[in-house]
file my_file11.cif (mmCIF, C-alpha atoms and all ligand atoms)
data_final
#
loop_
_atom_site.group_PDB
_atom_site.id
_atom_site.type_symbol
_atom_site.label_atom_id
_atom_site.label_comp_id
_atom_site.auth_asym_id
_atom_site.auth_seq_id
_atom_site.Cartn_x
_atom_site.Cartn_y
_atom_site.Cartn_z
ATOM 1 C CA VAL D 28 -95.061 -15.629 -54.496
ATOM 2 C CA THR D 29 -94.908 -11.885 -54.638
ATOM 3 C CA ILE D 30 -94.124 -11.030 -58.211
ATOM 4 C CA GLY D 31 -91.245 -8.686 -58.982
ATOM 5 C CA ARG D 32 -91.299 -5.744 -61.348
ATOM 6 C CA THR D 33 -94.697 -4.427 -60.395
ATOM 7 C CA ALA D 34 -93.856 -2.149 -57.472
ATOM 8 C CA ARG D 35 -94.788 1.494 -57.874
ATOM 9 C CA SER D 36 -93.112 4.153 -55.826
ATOM 10 C CA VAL D 37 -93.256 7.870 -55.501
ATOM 11 C CA ALA D 38 -90.247 10.120 -55.345
ATOM 12 C CA ALA D 39 -89.078 11.223 -51.898
ATOM 13 C CA PRO D 40 -89.276 14.963 -51.106
ATOM 14 C CA VAL D 41 -85.567 15.469 -51.786
ATOM 15 C CA THR D 42 -83.719 17.286 -54.535
ATOM 16 C CA VAL D 43 -81.242 15.331 -56.643
ATOM 17 C CA ARG D 44 -78.554 17.116 -58.593
ATOM 18 C CA GLU D 45 -75.175 16.521 -60.182
ATOM 19 C CA LEU D 46 -72.181 17.557 -58.093
ATOM 20 C CA ARG D 47 -69.668 20.080 -59.400
ATOM 21 C CA THR D 48 -67.468 21.451 -56.623
ATOM 22 C CA VAL D 49 -64.661 19.992 -54.520
ATOM 23 C CA ASP D 50 -66.704 20.692 -51.370
ATOM 24 C CA GLU D 51 -69.608 18.707 -52.765
ATOM 25 C CA PHE D 52 -67.314 15.834 -53.786
ATOM 26 C CA ARG D 53 -65.836 15.812 -50.272
ATOM 27 C CA THR D 54 -69.265 15.656 -48.649
ATOM 28 C CA ALA D 55 -70.268 12.795 -50.964
ATOM 29 C CA SER D 56 -67.029 10.909 -50.306
ATOM 30 C CA GLU D 57 -67.566 11.232 -46.538
ATOM 31 C CA LEU D 58 -71.213 10.265 -46.747
ATOM 32 C CA LEU D 59 -70.442 7.086 -48.710
ATOM 33 C CA ALA D 60 -67.643 6.157 -46.302
ATOM 34 C CA ALA D 61 -70.077 6.595 -43.396
ATOM 35 C CA VAL D 62 -72.737 4.394 -45.046
ATOM 36 C CA TRP D 63 -70.175 1.579 -45.203
ATOM 37 C CA GLU D 64 -68.800 2.631 -41.775
ATOM 38 C CA GLN D 65 -65.272 2.878 -43.007
ATOM 39 C CA ASP D 66 -62.348 4.044 -40.935
ATOM 40 C CA PRO D 67 -61.632 7.756 -41.197
ATOM 41 C CA GLY D 68 -59.234 8.231 -44.080
ATOM 42 C CA SER D 69 -60.404 5.122 -45.909
ATOM 43 C CA ARG D 70 -62.855 5.857 -48.713
ATOM 44 C CA GLN D 71 -65.182 4.024 -51.082
ATOM 45 C CA VAL D 72 -64.499 6.848 -53.553
ATOM 46 C CA THR D 73 -62.022 9.669 -53.220
ATOM 47 C CA VAL D 74 -62.567 13.357 -53.949
ATOM 48 C CA SER D 75 -60.150 13.230 -56.886
ATOM 49 C CA LEU D 76 -61.900 10.212 -58.421
ATOM 50 C CA LEU D 77 -65.277 11.963 -58.143
ATOM 51 C CA ARG D 78 -63.793 15.066 -59.791
ATOM 52 C CA ALA D 79 -62.276 12.989 -62.614
ATOM 53 C CA LEU D 80 -65.549 11.154 -63.271
ATOM 54 C CA SER D 81 -67.589 14.341 -63.146
ATOM 55 C CA MET D 82 -65.368 16.322 -65.509
ATOM 56 C CA THR D 83 -65.486 13.518 -68.086
ATOM 57 C CA ASP D 84 -69.321 13.566 -68.171
ATOM 58 C CA ASN D 85 -69.889 10.562 -65.989
ATOM 59 C CA TYR D 86 -72.564 10.333 -63.303
ATOM 60 C CA VAL D 87 -71.839 11.921 -59.905
ATOM 61 C CA ALA D 88 -74.993 13.044 -58.121
ATOM 62 C CA ALA D 89 -76.461 13.447 -54.665
ATOM 63 C CA ALA D 90 -79.828 13.780 -52.971
ATOM 64 C CA TYR D 91 -80.414 16.733 -50.632
ATOM 65 C CA ASP D 92 -82.967 17.119 -47.898
ATOM 66 C CA GLY D 93 -82.867 20.908 -47.661
ATOM 67 C CA GLU D 94 -79.163 21.742 -47.405
ATOM 68 C CA GLN D 95 -78.232 18.307 -46.080
ATOM 69 C CA MET D 96 -76.767 15.691 -48.431
ATOM 70 C CA VAL D 97 -78.559 12.418 -47.623
ATOM 71 C CA GLY D 98 -77.503 10.109 -50.471
ATOM 72 C CA ALA D 99 -75.078 9.865 -53.367
ATOM 73 C CA SER D 100 -74.618 7.818 -56.503
ATOM 74 C CA VAL D 101 -71.646 7.406 -58.825
ATOM 75 C CA GLY D 102 -71.460 5.738 -62.219
ATOM 76 C CA PHE D 103 -69.360 5.695 -65.367
ATOM 77 C CA ARG D 104 -70.009 4.945 -68.994
ATOM 78 C CA ILE D 105 -69.364 1.405 -70.182
ATOM 79 C CA GLY D 106 -66.694 1.137 -72.879
ATOM 80 C CA ASP D 107 -68.022 -1.622 -75.092
ATOM 81 C CA ARG D 108 -71.755 -0.886 -75.030
ATOM 82 C CA ASN D 109 -74.131 2.016 -74.742
ATOM 83 C CA GLY D 110 -74.486 1.759 -70.990
ATOM 84 C CA LEU D 111 -73.774 3.354 -67.636
ATOM 85 C CA HIS D 112 -72.240 1.249 -64.863
ATOM 86 C CA SER D 113 -73.490 2.495 -61.511
ATOM 87 C CA HIS D 114 -70.582 1.730 -59.223
ATOM 88 C CA ILE D 115 -71.931 2.903 -55.890
ATOM 89 C CA THR D 116 -75.188 4.213 -54.427
ATOM 90 C CA GLY D 117 -75.640 4.907 -50.750
ATOM 91 C CA VAL D 118 -78.150 6.638 -48.528
ATOM 92 C CA ASP D 119 -77.364 7.975 -45.052
ATOM 93 C CA ARG D 120 -78.404 5.319 -42.519
ATOM 94 C CA ARG D 121 -80.904 7.570 -40.735
ATOM 95 C CA SER D 122 -82.610 8.309 -44.052
ATOM 96 C CA GLN D 123 -82.814 4.802 -45.553
ATOM 97 C CA ALA D 124 -86.137 3.213 -46.586
ATOM 98 C CA ARG D 125 -87.720 6.618 -47.287
ATOM 99 C CA ASN D 126 -87.631 6.344 -51.092
ATOM 100 C CA ILE D 127 -84.454 8.399 -51.395
ATOM 101 C CA GLY D 128 -82.598 5.528 -53.097
ATOM 102 C CA PHE D 129 -85.470 5.205 -55.540
ATOM 103 C CA THR D 130 -85.394 8.950 -56.235
ATOM 104 C CA LEU D 131 -81.619 8.863 -56.841
ATOM 105 C CA LYS D 132 -81.930 5.948 -59.263
ATOM 106 C CA SER D 133 -84.791 7.722 -61.091
ATOM 107 C CA HIS D 134 -82.553 10.764 -61.539
ATOM 108 C CA GLN D 135 -79.763 8.474 -62.761
ATOM 109 C CA ARG D 136 -82.091 6.950 -65.317
ATOM 110 C CA ASP D 137 -83.241 10.388 -66.574
ATOM 111 C CA TRP D 138 -79.569 11.420 -66.832
ATOM 112 C CA ALA D 139 -78.838 8.323 -68.917
ATOM 113 C CA ALA D 140 -81.906 8.829 -71.127
ATOM 114 C CA GLU D 141 -80.824 12.414 -71.918
ATOM 115 C CA ARG D 142 -77.537 10.992 -73.218
ATOM 116 C CA GLY D 143 -79.142 8.263 -75.300
ATOM 117 C CA ILE D 144 -77.836 5.529 -72.991
ATOM 118 C CA ASP D 145 -79.860 2.297 -73.168
ATOM 119 C CA VAL D 146 -78.977 0.388 -70.037
ATOM 120 C CA ILE D 147 -77.721 0.916 -66.488
ATOM 121 C CA THR D 148 -75.842 -1.912 -64.823
ATOM 122 C CA TRP D 149 -74.735 -2.412 -61.229
ATOM 123 C CA THR D 150 -73.792 -5.232 -58.930
ATOM 124 C CA PHE D 151 -75.197 -6.075 -55.530
ATOM 125 C CA ASP D 152 -74.493 -8.576 -52.808
ATOM 126 C CA PRO D 153 -77.006 -11.400 -53.410
ATOM 127 C CA LEU D 154 -77.208 -12.065 -49.653
ATOM 128 C CA VAL D 155 -78.541 -8.622 -48.764
ATOM 129 C CA ARG D 156 -82.317 -8.853 -48.852
ATOM 130 C CA ARG D 157 -82.832 -5.089 -48.867
ATOM 131 C CA ASN D 158 -80.708 -4.698 -51.993
ATOM 132 C CA ALA D 159 -82.350 -7.636 -53.772
ATOM 133 C CA HIS D 160 -85.770 -6.106 -53.115
ATOM 134 C CA PHE D 161 -84.544 -2.645 -54.137
ATOM 135 C CA GLY D 162 -82.973 -3.750 -57.448
ATOM 136 C CA LEU D 163 -85.225 -6.565 -58.598
ATOM 137 C CA VAL D 164 -88.637 -5.601 -57.243
ATOM 138 C CA LYS D 165 -88.708 -1.879 -56.645
ATOM 139 C CA LEU D 166 -86.628 -0.845 -59.686
ATOM 140 C CA GLY D 167 -87.475 -3.833 -61.884
ATOM 141 C CA ALA D 168 -83.889 -4.578 -62.968
ATOM 142 C CA ARG D 169 -82.934 -8.010 -64.302
ATOM 143 C CA ALA D 170 -80.179 -10.209 -62.860
ATOM 144 C CA THR D 171 -77.908 -11.378 -65.652
ATOM 145 C CA ALA D 172 -74.891 -13.027 -64.041
ATOM 146 C CA PHE D 173 -73.281 -14.198 -60.812
ATOM 147 C CA LEU D 174 -69.728 -12.990 -60.134
ATOM 148 C CA ARG D 175 -67.667 -14.864 -57.562
ATOM 149 C CA ASN D 176 -65.590 -12.777 -55.116
ATOM 150 C CA VAL D 177 -65.329 -10.083 -57.760
ATOM 151 C CA TYR D 178 -63.646 -7.371 -55.642
ATOM 152 C CA GLY D 179 -61.806 -9.798 -53.326
ATOM 153 C CA PRO D 180 -62.588 -9.900 -49.575
ATOM 154 C CA MET D 181 -63.975 -6.564 -48.281
ATOM 155 C CA ASP D 182 -63.189 -5.045 -44.886
ATOM 156 C CA ASP D 183 -65.895 -2.418 -44.412
ATOM 157 C CA ALA D 184 -68.542 -2.905 -41.737
ATOM 158 C CA LEU D 185 -71.280 -4.118 -44.117
ATOM 159 C CA ASN D 186 -69.023 -6.874 -45.537
ATOM 160 C CA ASN D 187 -66.843 -7.514 -42.446
ATOM 161 C CA GLY D 188 -64.136 -9.402 -44.323
ATOM 162 C CA ASP D 189 -66.510 -11.603 -46.309
ATOM 163 C CA GLU D 190 -65.860 -12.474 -49.953
ATOM 164 C CA SER D 191 -67.561 -10.221 -52.479
ATOM 165 C CA ASP D 192 -69.919 -12.386 -54.520
ATOM 166 C CA ARG D 193 -72.201 -10.185 -56.606
ATOM 167 C CA LEU D 194 -75.202 -10.426 -58.880
ATOM 168 C CA VAL D 195 -75.052 -8.225 -61.978
ATOM 169 C CA LEU D 196 -78.213 -6.239 -62.682
ATOM 170 C CA GLU D 197 -79.279 -4.661 -65.952
ATOM 171 C CA TRP D 198 -81.875 -1.900 -65.786
ATOM 172 C CA SER D 199 -83.459 -0.695 -68.982
ATOM 173 C CA VAL D 200 -83.402 3.085 -69.370
ATOM 174 C CA ARG D 201 -86.697 2.997 -71.259
ATOM 175 C CA PRO D 202 -88.814 0.770 -69.046
ATOM 176 C CA SER D 203 -91.448 -1.443 -70.593
ATOM 177 C CA ALA D 204 -94.879 -1.302 -68.971
ATOM 178 C CA GLY D 205 -94.369 -3.472 -65.825
ATOM 179 C CA VAL D 206 -95.979 -6.636 -67.089
ATOM 180 C CA PRO D 207 -96.455 -9.081 -64.215
ATOM 181 C CA GLU D 208 -94.692 -12.417 -64.563
ATOM 182 C CA ALA D 209 -97.214 -15.113 -65.344
ATOM 183 C CA GLY D 210 -97.356 -18.696 -64.165
ATOM 184 C CA LEU D 211 -95.343 -18.634 -60.949
ATOM 185 C CA ASP D 212 -96.009 -21.321 -58.371
ATOM 186 C CA ASP D 213 -97.252 -20.258 -54.956
ATOM 187 C CA ASP D 214 -94.626 -22.344 -53.207
ATOM 188 C CA PRO D 215 -91.671 -23.211 -55.407
ATOM 189 C CA PRO D 216 -89.528 -25.967 -53.844
ATOM 190 C CA PRO D 217 -86.665 -24.582 -51.726
ATOM 191 C CA LEU D 218 -83.047 -25.117 -52.755
ATOM 192 C CA ILE D 219 -81.781 -23.921 -49.386
ATOM 193 C CA LEU D 220 -82.879 -25.859 -46.314
ATOM 194 C CA VAL D 221 -82.296 -24.478 -42.840
ATOM 195 C CA ASP D 222 -81.715 -26.841 -39.892
ATOM 196 C CA ALA D 223 -82.826 -26.331 -36.288
ATOM 197 C CA ASP D 224 -79.650 -24.349 -35.519
ATOM 198 C CA GLY D 225 -80.261 -22.004 -38.447
ATOM 199 C CA ARG D 226 -77.517 -23.537 -40.619
ATOM 200 C CA PRO D 227 -78.235 -23.534 -44.360
ATOM 201 C CA ALA D 228 -77.750 -26.548 -46.654
ATOM 202 C CA ALA D 229 -77.943 -26.139 -50.411
ATOM 203 C CA LEU D 230 -79.440 -28.355 -53.095
ATOM 204 C CA LYS D 231 -78.606 -28.206 -56.768
ATOM 205 C CA TRP D 232 -81.024 -26.545 -59.211
ATOM 206 C CA SER D 233 -82.253 -29.193 -61.633
ATOM 207 C CA GLY D 234 -84.693 -27.179 -63.741
ATOM 208 C CA GLY D 235 -88.206 -25.957 -63.063
ATOM 209 C CA GLN D 236 -89.228 -23.365 -60.523
ATOM 210 C CA ALA D 237 -87.358 -23.238 -57.233
ATOM 211 C CA SER D 238 -86.637 -20.771 -54.448
ATOM 212 C CA VAL D 239 -83.376 -19.604 -52.867
ATOM 213 C CA LEU D 240 -83.978 -18.347 -49.341
ATOM 214 C CA LEU D 241 -81.891 -15.571 -47.756
ATOM 215 C CA PRO D 242 -81.171 -14.879 -44.087
ATOM 216 C CA SER D 243 -83.171 -11.939 -42.752
ATOM 217 C CA ASP D 244 -80.120 -9.839 -41.868
ATOM 218 C CA ILE D 245 -76.794 -10.956 -43.328
ATOM 219 C CA GLU D 246 -75.082 -7.692 -42.341
ATOM 220 C CA GLY D 247 -75.925 -8.347 -38.667
ATOM 221 C CA LEU D 248 -74.892 -12.010 -38.959
ATOM 222 C CA ARG D 249 -71.472 -11.034 -40.335
ATOM 223 C CA VAL D 250 -70.816 -9.169 -37.107
ATOM 224 C CA GLN D 251 -72.522 -11.471 -34.596
ATOM 225 C CA GLN D 252 -72.017 -14.925 -36.175
ATOM 226 C CA PRO D 253 -69.374 -14.697 -38.908
ATOM 227 C CA THR D 254 -69.109 -18.474 -39.333
ATOM 228 C CA LEU D 255 -72.827 -18.759 -39.972
ATOM 229 C CA ALA D 256 -72.686 -15.752 -42.317
ATOM 230 C CA LYS D 257 -69.958 -17.522 -44.349
ATOM 231 C CA ALA D 258 -72.091 -20.670 -44.475
ATOM 232 C CA TRP D 259 -74.902 -18.597 -45.992
ATOM 233 C CA ARG D 260 -72.490 -17.060 -48.496
ATOM 234 C CA ALA D 261 -71.356 -20.551 -49.541
ATOM 235 C CA ALA D 262 -74.895 -21.934 -49.747
ATOM 236 C CA VAL D 263 -76.264 -19.087 -51.877
ATOM 237 C CA ARG D 264 -73.176 -19.205 -54.102
ATOM 238 C CA SER D 265 -73.426 -22.955 -54.599
ATOM 239 C CA VAL D 266 -77.001 -22.607 -55.846
ATOM 240 C CA LEU D 267 -77.002 -19.343 -57.798
ATOM 241 C CA GLU D 268 -73.630 -19.582 -59.532
ATOM 242 C CA PRO D 269 -74.250 -22.862 -61.388
ATOM 243 C CA ALA D 270 -77.979 -22.224 -61.863
ATOM 244 C CA LEU D 271 -77.516 -18.842 -63.557
ATOM 245 C CA SER D 272 -74.790 -20.183 -65.819
ATOM 246 C CA SER D 273 -76.841 -23.211 -66.827
ATOM 247 C CA GLY D 274 -80.072 -21.602 -67.957
ATOM 248 C CA ALA D 275 -81.919 -20.369 -64.850
ATOM 249 C CA GLU D 276 -83.193 -16.824 -64.475
ATOM 250 C CA ILE D 277 -84.427 -14.982 -61.422
ATOM 251 C CA VAL D 278 -88.057 -14.097 -61.990
ATOM 252 C CA ALA D 279 -89.184 -12.927 -58.556
ATOM 253 C CA PHE D 280 -88.019 -12.086 -55.076
ATOM 254 C CA ASP D 281 -89.766 -11.779 -51.728
ATOM 255 C CA ARG D 282 -88.996 -12.112 -48.031
ATOM 256 C CA GLU D 283 -90.754 -15.440 -47.612
ATOM 257 C CA HIS D 284 -89.110 -17.349 -50.476
ATOM 258 C CA GLY D 285 -86.058 -15.323 -51.399
ATOM 259 C CA TYR D 286 -85.194 -15.607 -55.104
ATOM 260 C CA VAL D 287 -87.477 -17.569 -57.405
ATOM 261 C CA LEU D 288 -85.685 -19.291 -60.265
ATOM 262 C CA ARG D 289 -87.050 -20.849 -63.409
ATOM 263 C CA PRO D 290 -85.610 -21.860 -66.780
ATOM 264 C CA ARG D 291 -84.920 -18.810 -68.929
ATOM 265 C CA GLY D 292 -87.879 -17.912 -71.088
ATOM 266 C CA GLY D 293 -90.234 -20.571 -69.779
ATOM 267 C CA ALA D 294 -92.113 -22.155 -66.910
HETATM 268 C C1 LIG Q 301 -79.639 0.329 -50.996
HETATM 269 C C2 LIG Q 301 -79.950 1.786 -50.680
HETATM 270 C C3 LIG Q 301 -79.104 2.698 -51.572
HETATM 271 C C4 LIG Q 301 -81.431 2.051 -50.967
HETATM 272 O O1 LIG Q 301 -81.748 3.381 -50.604
HETATM 273 P P1 LIG Q 301 -83.088 3.671 -49.775
HETATM 274 O O2 LIG Q 301 -83.265 5.141 -49.694
HETATM 275 O O3 LIG Q 301 -83.085 2.915 -48.508
HETATM 276 O O4 LIG Q 301 -84.141 3.055 -50.830
HETATM 277 P P2 LIG Q 301 -85.705 3.125 -50.907
HETATM 278 O O5 LIG Q 301 -86.305 3.682 -49.650
HETATM 279 O O6 LIG Q 301 -86.078 3.807 -52.188
HETATM 280 O O7 LIG Q 301 -86.068 1.579 -51.084
HETATM 281 C C5 LIG Q 301 -85.613 0.615 -50.162
HETATM 282 C C6 LIG Q 301 -86.541 -0.573 -50.222
HETATM 283 O O8 LIG Q 301 -85.956 -1.667 -49.511
HETATM 284 C C7 LIG Q 301 -86.900 -2.152 -48.558
HETATM 285 N N1 LIG Q 301 -86.178 -2.769 -47.465
HETATM 286 C C8 LIG Q 301 -85.480 -2.182 -46.482
HETATM 287 N N2 LIG Q 301 -84.944 -3.125 -45.681
HETATM 288 C C9 LIG Q 301 -85.305 -4.344 -46.180
HETATM 289 C C10 LIG Q 301 -85.055 -5.700 -45.821
HETATM 290 N N3 LIG Q 301 -84.316 -5.997 -44.757
HETATM 291 N N4 LIG Q 301 -85.584 -6.684 -46.593
HETATM 292 C C11 LIG Q 301 -86.321 -6.391 -47.671
HETATM 293 N N5 LIG Q 301 -86.592 -5.110 -48.081
HETATM 294 C C12 LIG Q 301 -86.080 -4.099 -47.347
HETATM 295 C C13 LIG Q 301 -87.696 -0.929 -48.202
HETATM 296 O O9 LIG Q 301 -88.927 -1.295 -47.592
HETATM 297 C C14 LIG Q 301 -87.881 -0.286 -49.576
HETATM 298 O O10 LIG Q 301 -88.816 -0.967 -50.369
HETATM 299 P P3 LIG Q 301 -90.390 -0.563 -50.497
HETATM 300 O O11 LIG Q 301 -90.433 0.903 -50.812
HETATM 301 O O12 LIG Q 301 -90.880 -1.435 -51.615
HETATM 302 O O13 LIG Q 301 -90.995 -0.884 -49.174
HETATM 303 C C15 LIG Q 301 -79.691 2.108 -49.177
HETATM 304 O O14 LIG Q 301 -80.503 1.271 -48.373
HETATM 305 C C16 LIG Q 301 -78.238 1.977 -48.771
HETATM 306 O O15 LIG Q 301 -77.497 2.936 -48.867
HETATM 307 N N6 LIG Q 301 -77.825 0.779 -48.264
HETATM 308 C C17 LIG Q 301 -76.469 0.551 -47.793
HETATM 309 C C18 LIG Q 301 -75.494 0.643 -48.932
HETATM 310 C C19 LIG Q 301 -75.744 -0.398 -50.020
HETATM 311 O O16 LIG Q 301 -75.913 -1.567 -49.745
HETATM 312 N N7 LIG Q 301 -75.710 0.065 -51.284
HETATM 313 C C20 LIG Q 301 -75.743 -0.838 -52.414
HETATM 314 C C21 LIG Q 301 -76.919 -0.635 -53.279
HETATM 315 S S1 LIG Q 301 -77.056 -1.929 -54.504
#
call {"tool": "encode", "arguments": {"input": "my_file11.cif", "output": "C-alpha cells", "more": "lines below"}}
Ligand SMILES: CC(C)(COP(=O)(O)OP(=O)(O)OC[C@H]1O[C@@H](n2cnc3c(N)ncnc32)[C@H](O)[C@@H]1OP(=O)(O)O)[C@@H](O)C(=O)NCCC(=O)NCCS
result
Amino acid sequence: VTIGRTARSVAAPVTVRELRTVDEFRTASELLAAVWEQDPGSRQVTVSLLRALSMTDNYVAAAYDGEQMVGASVGFRIGDRNGLHSHITGVDRRSQARNIGFTLKSHQRDWAAERGIDVITWTFDPLVRRNAHFGLVKLGARATAFLRNVYGPMDDALNNGDESDRLVLEWSVRPSAGVPEAGLDDDPPPLILVDADGRPAALKWSGGQASVLLPSDIEGLRVQQPTLAKAWRAAVRSVLEPALSSGAEIVAFDREHGYVLRPRGGA
C-alpha cells in the first residue's frame, strides 16, 4: 500500500494573492463556474459573496500564471473553533495537475498561520480519486467524518445530479514532520467487490485493516453511465459511513486499493 502523508511537492511557478477588486472577484466567480461547467448565470460563488467574505477578513485568493487567473480558493473562519473552512478550491481545467492546487493550498495555510488559526477544514466527494489523493496524500489532511448528501443533489457537470456525500478533512496549519504510517498490510482485504460487468457490491467493515476501492473516473461515469455511478455512490457510502462512525479511520489512499481503513489508533 502506498502510504499517505509522505508526498513532497514543489510550488508551481504561479503567483498567489488575495483578491480585492470587483473585477478580480468577477474573474474568480467565472473561473469557478467554468471548473464546474455551470450554466452561464449560475455560480458556485457570486461576486457579492466574494466581496463580503473578503471585506470581513476571510480567505479569497487566486493563482495567476502571468496575468491569467488559473485557480481560486475561498474560505471563511469557523465560528466555534479556531479554524478556517475552505469552501471551494478550483483550478482551470487546462492547468490542473501542475501543482497549482498545491500552491494555492500552501498560500491558504500561510494565510491561516499569520492569523493564528490552527486548522483548515474542507469537504470533498469521497468518490473522486483525484481529490482523495490531493487531500489525503499530497496535502496530508485527515478525514474526520462522513456527511451524507450534505448539500442535497447537485446539478453541475461534475456531480450531474448525484447526491452530495462528502468526507470532512482537517488539515493542521502547523504540520508535523510527515511520519509514515507504520504497520500497513500490503493487501488489505477489499470491502468493495466488483463483478464482471463492473458493478460494485459492498461488505461491512468489521474491524482490522480493509480497503475501499474507487472507480477510476466517477465524473465520467456520471455522464456516461449514471446508474452505475449511483451504484458506486451507494456502495462507498454503505461502507464508509458506518465504518467512520464506529471507530475506523482512513490511514492511506492509493489508486490500486482506494482508501485503507483500520481501527482508530491501532493496527
Ligand atoms: C482538486 C484541484 C483543486 C487540485 O488542483 P490541481 O492544480 O490539479 O492540484 P495539484 O496539481 O497540486 O495536485 C493534483 C494531484 O492529483 C493527482 N491526480 C490527478 N488526477 C488524478 C486521478 N484521476 N487519480 C488520482 N490522482 C490524480 C495529480 O497527479 C496530483 O498529484 P501528484 O502531484 O502527487 O501527482 C483541481 O484538480 C480542481 O479544480 N478539480 C475540480 C474541482 C474540484 O473537484 N475541487 C474540489 C477540491 S477538494
call {"tool": "residues_near_point", "arguments": {"input": "my_file11.cif", "point": "(-62.2, -15.5, -50.3)", "cutoff": "7 Å", "atoms": "all atoms listed in the file", "output": "PyMOL selection string"}}
result
chain D and resi 176+179-180+190
call {"tool": "closest_residue", "arguments": {"input": "my_file11.cif", "among": "D:Arg70, D:Arg47, D:Arg249, D:Arg291", "to": "Asn186 of chain D", "atoms": "only C-alpha atoms"}}
result
D:Arg249
call {"tool": "closest_residue", "arguments": {"input": "my_file11.cif", "among": "D:Met181, D:Leu46, D:Ala60, D:Val266", "to": "ligand LIG 301 (chain Q)", "atoms": "all atoms listed in the file"}}
result
D:Ala60
call {"tool": "closest_residue", "arguments": {"input": "my_file11.cif", "among": "D:Val287, D:Ala99, D:Ala229, D:Ala79", "to": "Asp119 of chain D", "atoms": "all atoms listed in the file"}}
result
D:Ala99
call {"tool": "closest_residue", "arguments": {"input": "my_file11.cif", "among": "D:Asp84, D:Asp213, D:Asp281, D:Glu64", "to": "Asn158 of chain D", "atoms": "only C-alpha atoms"}}
result
D:Asp281
call {"tool": "residues_near_ligand", "arguments": {"input": "my_file11.cif", "ligand": "ligand LIG 301 (chain Q)", "cutoff": "6 Å", "atoms": "all atoms listed in the file", "output": "VMD selection string"}}
result
chain D and resid 116 to 118 123 to 129 151 156 to 158 160 to 161 165
call {"tool": "axis_aligned_box", "arguments": {"input": "my_file11.cif", "around": "segment 268-281 of chain D", "padding_each_side": "5 Å", "output": "JSON"}}
result
{"center_x": -81.7, "center_y": -17.5, "center_z": -59.8, "size_x": 26.1, "size_y": 21.4, "size_z": 26.2}
call {"tool": "resolve_selection", "arguments": {"input": "my_file11.cif", "expression": "the PyMOL selection byres (((chain D and resi 280) around 12) and not hetatm)", "output": "ChimeraX atom specification"}}
result
/D:28-34,153,155-165,167-170,208,211,215,237-241,276-279,281-288
call {"tool": "write_last_selection", "arguments": {"input": "my_file11.cif", "atoms": "C-alpha atoms", "output": "mmCIF file, in the frame of the given file"}}
result
data_model
loop_
_atom_site.group_PDB
_atom_site.id
_atom_site.type_symbol
_atom_site.label_atom_id
_atom_site.label_comp_id
_atom_site.auth_asym_id
_atom_site.auth_seq_id
_atom_site.Cartn_x
_atom_site.Cartn_y
_atom_site.Cartn_z
ATOM 1 C CA VAL D 28 -95.061 -15.629 -54.496
ATOM 2 C CA THR D 29 -94.908 -11.885 -54.638
ATOM 3 C CA ILE D 30 -94.124 -11.030 -58.211
ATOM 4 C CA GLY D 31 -91.245 -8.686 -58.982
ATOM 5 C CA ARG D 32 -91.299 -5.744 -61.348
ATOM 6 C CA THR D 33 -94.697 -4.427 -60.395
ATOM 7 C CA ALA D 34 -93.856 -2.149 -57.472
ATOM 8 C CA PRO D 153 -77.006 -11.400 -53.410
ATOM 9 C CA VAL D 155 -78.541 -8.622 -48.764
ATOM 10 C CA ARG D 156 -82.317 -8.853 -48.852
ATOM 11 C CA ARG D 157 -82.832 -5.089 -48.867
ATOM 12 C CA ASN D 158 -80.708 -4.698 -51.993
ATOM 13 C CA ALA D 159 -82.350 -7.636 -53.772
ATOM 14 C CA HIS D 160 -85.770 -6.106 -53.115
ATOM 15 C CA PHE D 161 -84.544 -2.645 -54.137
ATOM 16 C CA GLY D 162 -82.973 -3.750 -57.448
ATOM 17 C CA LEU D 163 -85.225 -6.565 -58.598
ATOM 18 C CA VAL D 164 -88.637 -5.601 -57.243
ATOM 19 C CA LYS D 165 -88.708 -1.879 -56.645
ATOM 20 C CA GLY D 167 -87.475 -3.833 -61.884
ATOM 21 C CA ALA D 168 -83.889 -4.578 -62.968
ATOM 22 C CA ARG D 169 -82.934 -8.010 -64.302
ATOM 23 C CA ALA D 170 -80.179 -10.209 -62.860
ATOM 24 C CA GLU D 208 -94.692 -12.417 -64.563
ATOM 25 C CA LEU D 211 -95.343 -18.634 -60.949
ATOM 26 C CA PRO D 215 -91.671 -23.211 -55.407
ATOM 27 C CA ALA D 237 -87.358 -23.238 -57.233
ATOM 28 C CA SER D 238 -86.637 -20.771 -54.448
ATOM 29 C CA VAL D 239 -83.376 -19.604 -52.867
ATOM 30 C CA LEU D 240 -83.978 -18.347 -49.341
ATOM 31 C CA LEU D 241 -81.891 -15.571 -47.756
ATOM 32 C CA GLU D 276 -83.193 -16.824 -64.475
ATOM 33 C CA ILE D 277 -84.427 -14.982 -61.422
ATOM 34 C CA VAL D 278 -88.057 -14.097 -61.990
ATOM 35 C CA ALA D 279 -89.184 -12.927 -58.556
ATOM 36 C CA ASP D 281 -89.766 -11.779 -51.728
ATOM 37 C CA ARG D 282 -88.996 -12.112 -48.031
ATOM 38 C CA GLU D 283 -90.754 -15.440 -47.612
ATOM 39 C CA HIS D 284 -89.110 -17.349 -50.476
ATOM 40 C CA GLY D 285 -86.058 -15.323 -51.399
ATOM 41 C CA TYR D 286 -85.194 -15.607 -55.104
ATOM 42 C CA VAL D 287 -87.477 -17.569 -57.405
ATOM 43 C CA LEU D 288 -85.685 -19.291 -60.265
#
call {"tool": "resolve_selection", "arguments": {"input": "my_file11.cif", "expression": "the PyMOL selection byres (((chain D and resi 235) around 10) and not hetatm)", "output": "list in words"}}
result
Pro215, Pro216, Trp232, Ser233, Gly234, Gln236, Ala237, Ala275, Leu288, Arg289, Pro290, Arg291, Gly293 and Ala294 of chain D
call {"tool": "resolve_selection", "arguments": {"input": "my_file11.cif", "expression": "the PyMOL selection byres (((chain D and resi 245) around 9) and not hetatm)", "output": "PyMOL selection string"}}
result
chain D and resi 154-156+185+241-244+246-250+256+259
call {"tool": "closest_residue", "arguments": {"input": "my_file11.cif", "among": "D:Asn109, D:Ser100, D:Thr150, D:Ser199", "to": "Val177 of chain D", "atoms": "all atoms listed in the file"}}
result
D:Thr150
call {"tool": "closest_residue", "arguments": {"input": "my_file11.cif", "among": "D:Ser122, D:Ser113, D:Thr54, D:Thr171", "to": "Arg136 of chain D", "atoms": "all atoms listed in the file"}}
result
D:Ser113
call {"tool": "atom_distance", "arguments": {"input": "my_file11.cif", "atom1": "atom CA of Thr130 of chain D", "atom2": "atom CA of Ala38 of chain D"}}
result
5.1 Å
